[in-house]
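For reference, run_8.cif (mmCIF, C-alpha atoms):
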```
data_entry
#
loop_
_atom_site.label_atom_id
_atom_site.label_comp_id
_atom_site.auth_asym_id
_atom_site.auth_seq_id
_atom_site.Cartn_x
_atom_site.Cartn_y
_atom_site.Cartn_z
CA MET A 1 98.77 112.09 96.68
CA ALA A 2 101.53 109.48 97.02
CA GLY A 3 103.51 108.67 93.89
CA ILE A 4 104.38 105.16 92.82
CA GLU A 5 107.92 105.70 94.15
CA ASP A 6 106.40 106.18 97.62
CA ILE A 7 104.75 102.76 97.44
CA VAL A 8 107.38 100.53 95.82
CA VAL A 9 111.14 100.92 95.28
CA HIS A 10 111.01 99.82 91.63
CA PRO A 11 107.61 100.29 89.91
CA PRO A 12 106.09 97.39 87.95
CA HIS A 13 106.85 99.05 84.61
CA SER A 14 110.60 99.15 85.37
CA VAL A 15 113.09 96.90 83.59
CA THR A 16 114.16 95.72 87.05
CA TRP A 17 110.83 93.93 87.44
CA LEU A 18 111.20 92.26 84.04
CA VAL A 19 114.63 90.94 84.96
CA HIS A 20 114.05 90.03 88.59
CA ILE A 21 110.78 88.19 88.02
CA ASN A 22 112.44 86.09 85.31
CA ARG A 23 113.12 82.48 86.36
CA SER A 24 116.65 82.65 84.94
CA MET A 25 117.48 84.60 88.10
CA TRP A 26 118.20 81.24 89.78
CA VAL A 27 121.09 80.75 87.35
CA GLY A 28 122.17 84.37 87.52
CA GLY A 29 122.38 84.26 91.30
CA VAL A 30 124.80 81.32 91.39
CA ALA A 31 126.79 82.62 88.41
CA GLY A 32 127.12 85.90 90.29
CA LEU A 33 128.68 84.11 93.26
CA MET A 34 131.15 82.38 90.93
CA LEU A 35 132.10 85.70 89.34
CA GLN A 36 132.40 87.46 92.71
CA ALA A 37 134.86 84.78 93.85
CA LEU A 38 137.48 86.05 91.37
CA HIS A 39 138.17 89.11 93.55
CA PRO A 40 140.70 87.81 96.12
CA LEU A 41 139.63 90.08 98.98
CA ALA A 42 135.93 89.63 98.31
CA MET A 43 136.37 85.86 98.26
CA ARG A 44 138.42 85.86 101.45
CA GLY A 45 135.79 88.05 103.06
CA VAL A 46 133.21 85.35 102.39
CA TRP A 47 135.63 82.60 103.41
CA GLN A 48 136.54 84.23 106.71
CA ASN A 49 133.14 85.59 107.71
CA SER A 50 130.47 83.18 106.52
CA THR A 51 129.44 79.55 106.70
CA PHE A 52 128.29 79.26 103.10
CA GLN A 53 129.69 75.74 102.73
CA GLU A 54 127.66 74.57 105.72
CA ASP A 55 124.56 76.52 104.65
CA PRO A 56 124.81 77.29 100.91
CA PHE A 57 121.08 77.50 100.37
CA GLY A 58 120.72 79.83 103.33
CA ARG A 59 123.26 82.20 101.74
CA LEU A 60 121.37 82.14 98.44
CA ARG A 61 118.06 82.61 100.23
CA ARG A 62 119.33 85.63 102.15
CA THR A 63 120.58 87.15 98.90
CA ALA A 64 117.24 86.44 97.20
CA ASP A 65 115.46 87.99 100.17
CA PHE A 66 117.53 91.17 99.95
CA VAL A 67 117.01 91.48 96.19
CA GLY A 68 113.30 90.76 96.58
CA ARG A 69 112.82 93.48 99.18
CA ILE A 70 114.72 96.19 97.30
CA THR A 71 112.88 95.25 94.09
CA PHE A 72 109.27 94.56 95.01
CA GLY A 73 109.08 96.10 98.49
CA GLY A 74 108.25 99.60 99.62
CA PRO A 75 110.84 102.19 100.66
CA ALA A 76 110.43 101.29 104.33
CA ASP A 77 111.08 97.57 103.61
CA ALA A 78 114.15 98.41 101.55
CA ASP A 79 115.49 100.89 104.09
CA GLU A 80 115.09 98.36 106.91
CA ILE A 81 116.95 95.54 105.18
CA GLY A 82 119.55 97.98 103.86
CA ARG A 83 120.31 99.18 107.39
CA ARG A 84 120.58 95.59 108.55
CA VAL A 85 122.99 94.60 105.77
CA ARG A 86 125.13 97.72 106.23
CA GLY A 87 125.29 97.07 109.96
CA ILE A 88 126.48 93.49 109.44
CA HIS A 89 129.11 94.53 106.88
CA ARG A 90 130.32 97.41 109.08
CA ALA A 91 131.28 95.00 111.84
CA LEU A 92 133.18 92.52 109.65
CA ARG A 93 136.83 92.49 108.63
CA VAL A 94 138.88 90.48 106.16
CA ARG A 95 142.58 89.73 106.54
CA ASP A 96 144.76 89.55 103.45
CA PRO A 97 147.34 86.79 104.15
CA GLU A 98 149.60 88.07 101.36
CA THR A 99 150.05 91.55 102.83
CA GLY A 100 149.02 90.98 106.44
CA ARG A 101 146.65 93.94 106.18
CA THR A 102 143.12 93.92 107.54
CA HIS A 103 140.35 95.44 105.41
CA ARG A 104 136.76 96.40 106.11
CA VAL A 105 134.16 94.22 104.41
CA ASP A 106 132.21 97.38 103.59
CA ASP A 107 135.18 98.80 101.65
CA PRO A 108 133.55 100.57 98.65
CA GLU A 109 135.73 98.65 96.18
CA LEU A 110 134.52 95.31 97.53
CA LEU A 111 130.89 96.44 97.68
CA LEU A 112 131.07 97.72 94.10
CA TRP A 113 132.60 94.48 92.82
CA VAL A 114 129.93 92.37 94.49
CA HIS A 115 127.15 94.61 93.16
CA CYS A 116 128.46 94.66 89.58
CA ALA A 117 129.10 90.91 89.46
CA GLU A 118 125.61 90.27 90.80
CA VAL A 119 123.54 92.54 88.55
CA PHE A 120 125.62 91.73 85.47
CA SER A 121 124.98 88.02 86.07
CA TYR A 122 121.24 88.58 86.57
CA LEU A 123 121.01 90.56 83.34
CA THR A 124 123.12 88.10 81.35
CA ALA A 125 121.15 85.05 82.46
CA ALA A 126 117.81 86.74 81.80
CA ARG A 127 118.73 87.93 78.29
CA ARG A 128 120.33 84.66 77.24
CA GLY A 129 117.41 82.81 78.80
CA GLY A 130 114.99 84.43 76.39
CA LEU A 131 114.01 87.77 77.94
CA ALA A 132 113.85 90.04 74.90
CA LEU A 133 115.54 93.22 76.10
CA THR A 134 117.06 95.79 73.78
CA ASP A 135 120.44 97.24 74.66
CA ARG A 136 118.62 100.43 75.61
CA GLN A 137 116.45 98.49 78.09
CA ALA A 138 119.54 96.71 79.43
CA ASP A 139 121.13 100.12 79.99
CA ARG A 140 118.00 101.21 81.83
CA TYR A 141 118.18 98.13 84.07
CA LEU A 142 121.75 98.93 85.08
CA ALA A 143 120.79 102.57 85.63
CA GLU A 144 117.91 101.47 87.89
CA GLN A 145 120.29 99.25 89.83
CA ARG A 146 122.35 102.27 90.78
CA HIS A 147 119.60 103.09 93.26
CA SER A 148 119.59 99.50 94.51
CA ALA A 149 123.33 99.79 95.19
CA THR A 150 122.73 102.62 97.66
CA TYR A 151 121.11 100.17 100.07
CA VAL A 152 124.47 98.46 100.66
CA GLY A 153 126.23 101.80 101.15
CA LEU A 154 127.43 102.76 97.66
CA HIS A 155 126.92 106.15 96.01
CA ALA A 156 124.74 105.87 92.91
CA GLU A 157 127.01 108.05 90.77
CA GLU A 158 129.96 105.69 91.36
CA VAL A 159 128.10 102.63 90.03
CA PRO A 160 128.16 101.63 86.32
CA GLY A 161 124.79 102.54 84.81
CA SER A 162 125.01 101.19 81.27
CA LEU A 163 126.39 98.24 79.30
CA ALA A 164 129.33 100.33 78.13
CA GLU A 165 130.16 101.52 81.65
CA MET A 166 129.89 97.96 82.98
CA ALA A 167 132.21 96.67 80.24
CA ASP A 168 134.73 99.40 81.08
CA TYR A 169 134.48 98.54 84.77
CA PHE A 170 135.20 94.84 84.22
CA ALA A 171 138.04 95.67 81.82
CA GLY A 172 139.60 97.85 84.51
CA MET A 173 139.18 95.17 87.16
CA ARG A 174 140.63 92.25 85.20
CA SER A 175 144.22 92.86 86.36
CA ARG A 176 143.07 92.77 90.01
CA LEU A 177 141.29 89.43 89.75
CA GLU A 178 142.83 86.10 90.66
CA VAL A 179 141.88 82.44 90.82
CA THR A 180 142.78 81.80 94.43
CA PRO A 181 142.50 78.36 96.07
CA GLU A 182 139.46 79.71 97.92
CA ALA A 183 137.83 80.73 94.62
CA VAL A 184 138.42 77.31 93.06
CA SER A 185 137.06 75.60 96.17
CA ALA A 186 133.98 77.84 96.14
CA VAL A 187 133.20 77.23 92.47
CA ARG A 188 133.70 73.48 92.79
CA PHE A 189 131.37 73.55 95.77
CA LEU A 190 128.76 75.47 93.76
CA LEU A 191 129.09 72.92 90.96
CA TRP A 192 128.54 70.04 93.40
CA PRO A 193 127.42 71.32 96.82
CA ARG A 194 127.42 69.27 99.98
CA LEU A 195 123.88 69.07 101.29
CA PRO A 196 123.41 70.48 104.80
CA ALA A 197 122.08 68.14 107.48
CA GLY A 198 118.52 69.40 107.11
CA LEU A 199 118.42 68.48 103.42
CA ARG A 200 120.24 65.14 103.46
CA ALA A 201 116.97 63.41 102.54
CA LEU A 202 117.30 65.03 99.10
CA GLY A 203 120.56 63.17 98.47
CA PRO A 204 119.10 60.90 95.74
CA LEU A 205 118.13 64.02 93.75
CA LYS A 206 121.60 65.55 93.93
CA PRO A 207 122.72 64.29 90.47
CA PHE A 208 120.02 66.50 88.95
CA TYR A 209 121.84 69.52 90.38
CA LEU A 210 125.02 68.97 88.35
CA PRO A 211 123.57 70.22 85.03
CA PHE A 212 122.28 73.31 86.85
CA GLY A 213 125.68 74.02 88.39
CA ALA A 214 127.37 73.59 85.01
CA LEU A 215 124.82 75.92 83.40
CA CYS A 216 125.66 78.59 85.99
CA TYR A 217 129.37 78.15 85.23
CA TYR A 218 128.85 78.41 81.48
CA THR A 219 126.84 81.61 81.96
CA LEU A 220 130.01 83.32 83.21
CA PRO A 221 131.80 85.67 80.79
CA GLY A 222 134.31 83.88 78.58
CA TRP A 223 137.26 85.61 80.23
CA ALA A 224 136.10 84.40 83.66
CA ARG A 225 135.69 80.80 82.47
CA ARG A 226 139.16 80.92 80.92
CA MET A 227 140.58 82.08 84.24
CA TYR A 228 138.95 79.17 86.08
CA GLY A 229 139.44 76.50 83.40
CA LEU A 230 137.42 74.00 85.45
CA LEU A 231 135.13 72.69 82.71
CA PRO A 232 135.70 72.17 78.97
CA GLU A 233 134.24 74.86 76.74
CA VAL A 234 130.94 74.22 74.96
CA PRO A 235 129.28 76.18 72.11
CA SER A 236 127.72 79.45 73.25
CA GLY A 237 124.51 78.65 71.38
CA ALA A 238 124.08 75.44 73.37
CA VAL A 239 124.34 77.39 76.62
CA SER A 240 121.70 79.87 75.46
CA LEU A 241 119.37 77.04 74.45
CA ALA A 242 119.89 75.38 77.84
CA LEU A 243 119.11 78.65 79.63
CA ARG A 244 115.89 79.02 77.62
CA ALA A 245 114.90 75.44 78.41
CA PHE A 246 115.66 76.03 82.11
CA ARG A 247 113.51 79.18 82.20
CA LEU A 248 110.61 77.45 80.45
CA GLY A 249 110.88 74.49 82.80
CA MET A 250 110.94 76.70 85.87
CA ASN A 251 107.90 78.58 84.56
CA THR A 252 105.87 75.36 84.86
CA LEU A 253 106.39 75.23 88.63
CA PRO A 254 103.64 76.73 90.81
CA GLU A 255 104.34 80.18 92.20
CA PRO A 256 104.46 78.97 95.85
CA VAL A 257 107.47 76.81 94.96
CA HIS A 258 109.41 79.86 93.82
CA ASP A 259 108.28 81.78 96.89
CA HIS A 260 110.29 79.43 99.10
CA ALA A 261 113.38 81.32 97.93
CA PHE A 262 112.28 84.17 100.19
CA MET A 263 112.01 84.53 103.94
CA PRO A 264 108.43 84.32 105.30
CA ALA A 265 108.26 88.07 105.96
CA THR A 266 109.20 88.83 102.37
CA ARG A 267 106.67 86.34 101.03
CA ASP A 268 103.99 88.02 103.12
CA MET A 269 105.10 91.44 101.87
#
```

Any chance you could give the structure as structure tokens?
Amino acid sequence: MAGIEDIVVHPPHSVTWLVHINRSMWVGGVAGLMLQALHPLAMRGVWQNSTFQEDPFGRLRRTADFVGRITFGGPADADEIGRRVRGIHRALRVRDPETGRTHRVDDPELLLWVHCAEVFSYLTAARRGGLALTDRQADRYLAEQRHSATYVGLHAEEVPGSLAEMADYFAGMRSRLEVTPEAVSAVRFLLWPRLPAGLRALGPLKPFYLPFGALCYYTLPGWARRMYGLLPEVPSGAVSLALRAFRLGMNTLPEPVHDHAFMPATRDM
């Protein structure tokens, strides 16, 4: 008889489901991109190998699709998209203009930074947005995400699997982070994105995006916001209240609206 792990990567009773089905994930996803941008090589890898400024929503949608498949999909779905992502990363390179060296995009250090910034941001947004998780459950979420990290080519035992391990990881990385011109440009773009040609008709609604972009920025850790210094500080309690209001507001939208974050194949899955 097949076990639940043979049917779905993360079973419905996992903490991963609680976090990833939470509507604060929209904030966590953008905040994760802002945090990832602080790693100079990771940011230059995006800058040199993607068109995120021409297609920002496509980038977010592809990330949502990947997370959706390795969360709610079966092992075959997760393996297929994992192979695809690893294949794309394997072929890409990033040049460091300061040293002249060329690095692989699938360098384990870069993959680990992207993973940690992403899952930390998801967890932070969900908890501050009102998802009542104990520290023990938060530890379990990070432990579950070790398996998710294997789909991009990391080894599970090398990935932080608790709040304490994640805090130690970020503390160790702080000296290697930098607010590069590319990082500033990326965050400013995420605060006020240029609409791609296909969405220009939504231009009149663009002012409503600004509070969302600011909320993503304020969800960053305090040390990251201090590094950027792009917006004035606001009380932490106000940010938490805004995240709760955002989650409640998003919960009122019909499920098919949220499903548009995923590719058609993932929605069907």

Quick one: what's the axis-aligned box for segment 105-120 of chain A, all listed atoms, 8 Å on every side, centre and edges in Å to one decimal, as lines of an AutoDock Vina configuration file?
```
center_x = 129.6
center_y = 95.4
center_z = 94.9
size_x = 28.2
size_y = 26.3
size_z = 34.9
```

With the PyMOL selection byres ((chain A and resi 230) around 10) as the selection, what would be picked from this file? Answer as a list of chain:residue names, please.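 Going through the file, the PyMOL selection byres ((chain A and resi 230) around 10) ends up selecting A:Val184, A:Val187, A:Arg188, A:Tyr217, A:Arg225, A:Arg226, A:Met227, A:Tyr228, A:Gly229, A:Leu231, A:Pro232, A:Glu233.
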
Once the PyMOL selection byres ((chain A and resi 86-100) around 12) has been evaluated on this model, what residues remain selected, and can you format them as an MDAnalysis selection string? chainID A and resid 39:50 66 78:85 101:108 110:111 149:154 180

Taking C-alpha atoms for each residue, export the selection above as a tab-separated table (two decimals), in the frame of the given file.
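To be explicit, this is the file written out as selection.tsv:
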```
chain	number	residue	atom	x	y	z
A	39	HIS	CA	138.17	89.11	93.55
A	40	PRO	CA	140.70	87.81	96.12
A	41	LEU	CA	139.63	90.08	98.98
A	42	ALA	CA	135.93	89.63	98.31
A	43	MET	CA	136.37	85.86	98.26
A	44	ARG	CA	138.42	85.86	101.45
A	45	GLY	CA	135.79	88.05	103.06
A	46	VAL	CA	133.21	85.35	102.39
A	47	TRP	CA	135.63	82.60	103.41
A	48	GLN	CA	136.54	84.23	106.71
A	49	ASN	CA	133.14	85.59	107.71
A	50	SER	CA	130.47	83.18	106.52
A	66	PHE	CA	117.53	91.17	99.95
A	78	ALA	CA	114.15	98.41	101.55
A	79	ASP	CA	115.49	100.89	104.09
A	80	GLU	CA	115.09	98.36	106.91
A	81	ILE	CA	116.95	95.54	105.18
A	82	GLY	CA	119.55	97.98	103.86
A	83	ARG	CA	120.31	99.18	107.39
A	84	ARG	CA	120.58	95.59	108.55
A	85	VAL	CA	122.99	94.60	105.77
A	101	ARG	CA	146.65	93.94	106.18
A	102	THR	CA	143.12	93.92	107.54
A	103	HIS	CA	140.35	95.44	105.41
A	104	ARG	CA	136.76	96.40	106.11
A	105	VAL	CA	134.16	94.22	104.41
A	106	ASP	CA	132.21	97.38	103.59
A	107	ASP	CA	135.18	98.80	101.65
A	108	PRO	CA	133.55	100.57	98.65
A	110	LEU	CA	134.52	95.31	97.53
A	111	LEU	CA	130.89	96.44	97.68
A	149	ALA	CA	123.33	99.79	95.19
A	150	THR	CA	122.73	102.62	97.66
A	151	TYR	CA	121.11	100.17	100.07
A	152	VAL	CA	124.47	98.46	100.66
A	153	GLY	CA	126.23	101.80	101.15
A	154	LEU	CA	127.43	102.76	97.66
A	180	THR	CA	142.78	81.80	94.43
```

Evaluate the PyMOL selection byres ((chain A and resi 136-141) around 8) and report residues as a list in words: Ser14, Val15, Thr16, Leu123, Leu133, Thr134, Asp135, Leu142, Ala143, Glu144, Gln145, Gly161, Ser162 and Leu163 of chain A

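For the residues A:Glu157, A:Glu165, A:Glu182, A:Glu255, ranking by smallest atom-to-atom distance to Ala37 of chain A using all atoms listed in the file places A:Glu182 first.
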
Here atom CA of Pro160 of chain A and atom CA of Phe120 of chain A stand apart by 10.3 Å

Quick check, in Å to one decimal: how far apart do atom CA of Ala214 of chain A and atom CA of Leu243 of chain A lie?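 The value is 11.1 Å.
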
When distances are computed from only C-alpha atoms, which of A:Ala183, A:Val27, A:Leu190, A:Ile70 shows the smallest separation from Val8 of chain A?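 The answer is A:Ile70, which sits nearest to Val8 of chain A.
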
Taking 2 positions as the minimum chain separation for residues in the same chain, which residues sit within 12 Å of Glu118 of chain A when counting all atoms listed in the file? Answer as an MDAnalysis selection string. chainID A and resid 20 25:37 60 63:64 67 111:116 120:125 142 145 148:149 166 220

I'd like the interatomic distance between atom CA of Asp65 of chain A and atom CA of Pro264 of chain A, to a tenth of an Å.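 Atom-to-atom, atom CA of Asp65 of chain A to atom CA of Pro264 of chain A, that is 9.4 Å.
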
Residue nearest Leu241 of chain A - candidates A:His10, A:Arg69, A:Arg59, A:Arg127, atoms counted: only C-alpha atoms: A:Arg127

Nearest-residue call for Gly237 of chain A, choices A:His258, A:Pro181, A:Val19, A:Thr219, using only C-alpha atoms: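 Using only C-alpha atoms, Gly237 of chain A sits closest to A:Thr219.
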
Top pick for closest residue to Pro11 of chain A, considering A:Pro75, A:Met250, A:Arg23, A:Val119 and counting only C-alpha atoms: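 So, comparing all the options, the nearest one is A:Pro75.
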
From the list A:Ala117, A:Ser175, A:Pro254, A:Trp17, the nearest residue to Phe72 of chain A using all atoms listed in the file is A:Trp17

Assuming the input is short of atoms at segment 93-121 of chain A, produce N, CA and C atoms for that part as a PDB file, in the coordinates of the input.
```pdb
ATOM      1  N   ARG A  93     135.509  92.188 109.179  1.00  0.00           N
ATOM      2  CA  ARG A  93     136.830  92.490 108.630  1.00  0.00           C
ATOM      3  C   ARG A  93     137.331  91.283 107.843  1.00  0.00           C
ATOM      4  N   VAL A  94     138.259  91.556 106.932  1.00  0.00           N
ATOM      5  CA  VAL A  94     138.880  90.480 106.160  1.00  0.00           C
ATOM      6  C   VAL A  94     140.389  90.693 106.185  1.00  0.00           C
ATOM      7  N   ARG A  95     141.117  89.645 106.477  1.00  0.00           N
ATOM      8  CA  ARG A  95     142.580  89.730 106.540  1.00  0.00           C
ATOM      9  C   ARG A  95     143.167  89.192 105.258  1.00  0.00           C
ATOM     10  N   ASP A  96     144.059  89.965 104.670  1.00  0.00           N
ATOM     11  CA  ASP A  96     144.760  89.550 103.450  1.00  0.00           C
ATOM     12  C   ASP A  96     146.042  88.844 103.875  1.00  0.00           C
ATOM     13  N   PRO A  97     146.145  87.518 103.694  1.00  0.00           N
ATOM     14  CA  PRO A  97     147.340  86.790 104.150  1.00  0.00           C
ATOM     15  C   PRO A  97     148.595  87.156 103.367  1.00  0.00           C
ATOM     16  N   GLU A  98     148.430  87.722 102.171  1.00  0.00           N
ATOM     17  CA  GLU A  98     149.600  88.070 101.360  1.00  0.00           C
ATOM     18  C   GLU A  98     150.273  89.349 101.857  1.00  0.00           C
ATOM     19  N   THR A  99     149.484  90.287 102.357  1.00  0.00           N
ATOM     20  CA  THR A  99     150.050  91.550 102.830  1.00  0.00           C
ATOM     21  C   THR A  99     150.013  91.689 104.346  1.00  0.00           C
ATOM     22  N   GLY A 100     149.175  90.867 105.000  1.00  0.00           N
ATOM     23  CA  GLY A 100     149.020  90.980 106.440  1.00  0.00           C
ATOM     24  C   GLY A 100     148.078  92.090 106.852  1.00  0.00           C
ATOM     25  N   ARG A 101     147.542  92.825 105.862  1.00  0.00           N
ATOM     26  CA  ARG A 101     146.650  93.940 106.180  1.00  0.00           C
ATOM     27  C   ARG A 101     145.239  93.434 106.442  1.00  0.00           C
ATOM     28  N   THR A 102     144.514  94.197 107.251  1.00  0.00           N
ATOM     29  CA  THR A 102     143.120  93.920 107.540  1.00  0.00           C
ATOM     30  C   THR A 102     142.256  94.974 106.857  1.00  0.00           C
ATOM     31  N   HIS A 103     141.216  94.538 106.155  1.00  0.00           N
ATOM     32  CA  HIS A 103     140.350  95.440 105.410  1.00  0.00           C
ATOM     33  C   HIS A 103     138.920  95.340 105.943  1.00  0.00           C
ATOM     34  N   ARG A 104     138.182  96.414 105.780  1.00  0.00           N
ATOM     35  CA  ARG A 104     136.760  96.400 106.110  1.00  0.00           C
ATOM     36  C   ARG A 104     135.994  95.688 105.004  1.00  0.00           C
ATOM     37  N   VAL A 105     134.999  94.885 105.391  1.00  0.00           N
ATOM     38  CA  VAL A 105     134.160  94.220 104.410  1.00  0.00           C
ATOM     39  C   VAL A 105     133.323  95.233 103.638  1.00  0.00           C
ATOM     40  N   ASP A 106     132.997  96.363 104.288  1.00  0.00           N
ATOM     41  CA  ASP A 106     132.210  97.380 103.590  1.00  0.00           C
ATOM     42  C   ASP A 106     133.088  98.388 102.850  1.00  0.00           C
ATOM     43  N   ASP A 107     134.325  97.984 102.516  1.00  0.00           N
ATOM     44  CA  ASP A 107     135.180  98.800 101.650  1.00  0.00           C
ATOM     45  C   ASP A 107     134.427  99.035 100.341  1.00  0.00           C
ATOM     46  N   PRO A 108     134.320 100.287  99.874  1.00  0.00           N
ATOM     47  CA  PRO A 108     133.550 100.570  98.650  1.00  0.00           C
ATOM     48  C   PRO A 108     133.985  99.748  97.442  1.00  0.00           C
ATOM     49  N   GLU A 109     135.283  99.455  97.322  1.00  0.00           N
ATOM     50  CA  GLU A 109     135.730  98.650  96.180  1.00  0.00           C
ATOM     51  C   GLU A 109     135.125  97.254  96.218  1.00  0.00           C
ATOM     52  N   LEU A 110     135.084  96.647  97.405  1.00  0.00           N
ATOM     53  CA  LEU A 110     134.520  95.310  97.530  1.00  0.00           C
ATOM     54  C   LEU A 110     133.012  95.332  97.296  1.00  0.00           C
ATOM     55  N   LEU A 111     132.338  96.337  97.876  1.00  0.00           N
ATOM     56  CA  LEU A 111     130.890  96.440  97.680  1.00  0.00           C
ATOM     57  C   LEU A 111     130.558  96.637  96.205  1.00  0.00           C
ATOM     58  N   LEU A 112     131.340  97.454  95.511  1.00  0.00           N
ATOM     59  CA  LEU A 112     131.070  97.720  94.100  1.00  0.00           C
ATOM     60  C   LEU A 112     131.290  96.460  93.268  1.00  0.00           C
ATOM     61  N   TRP A 113     132.354  95.704  93.574  1.00  0.00           N
ATOM     62  CA  TRP A 113     132.600  94.480  92.820  1.00  0.00           C
ATOM     63  C   TRP A 113     131.454  93.489  93.012  1.00  0.00           C
ATOM     64  N   VAL A 114     131.016  93.305  94.228  1.00  0.00           N
ATOM     65  CA  VAL A 114     129.930  92.370  94.490  1.00  0.00           C
ATOM     66  C   VAL A 114     128.654  92.801  93.771  1.00  0.00           C
ATOM     67  N   HIS A 115     128.352  94.098  93.836  1.00  0.00           N
ATOM     68  CA  HIS A 115     127.150  94.610  93.160  1.00  0.00           C
ATOM     69  C   HIS A 115     127.238  94.376  91.653  1.00  0.00           C
ATOM     70  N   CYS A 116     128.335  94.762  91.041  1.00  0.00           N
ATOM     71  CA  CYS A 116     128.460  94.660  89.580  1.00  0.00           C
ATOM     72  C   CYS A 116     128.423  93.207  89.122  1.00  0.00           C
ATOM     73  N   ALA A 117     129.120  92.325  89.835  1.00  0.00           N
ATOM     74  CA  ALA A 117     129.100  90.910  89.460  1.00  0.00           C
ATOM     75  C   ALA A 117     127.698  90.341  89.567  1.00  0.00           C
ATOM     76  N   GLU A 118     126.961  90.785  90.566  1.00  0.00           N
ATOM     77  CA  GLU A 118     125.610  90.270  90.800  1.00  0.00           C
ATOM     78  C   GLU A 118     124.638  90.737  89.710  1.00  0.00           C
ATOM     79  N   VAL A 119     124.545  92.054  89.499  1.00  0.00           N
ATOM     80  CA  VAL A 119     123.540  92.540  88.550  1.00  0.00           C
ATOM     81  C   VAL A 119     123.904  92.189  87.114  1.00  0.00           C
ATOM     82  N   PHE A 120     125.202  92.156  86.805  1.00  0.00           N
ATOM     83  CA  PHE A 120     125.620  91.730  85.470  1.00  0.00           C
ATOM     84  C   PHE A 120     125.198  90.289  85.222  1.00  0.00           C
ATOM     85  N   SER A 121     125.345  89.438  86.221  1.00  0.00           N
ATOM     86  CA  SER A 121     124.980  88.020  86.070  1.00  0.00           C
ATOM     87  C   SER A 121     123.474  87.859  85.937  1.00  0.00           C
TER      88      SER A 121
END
```
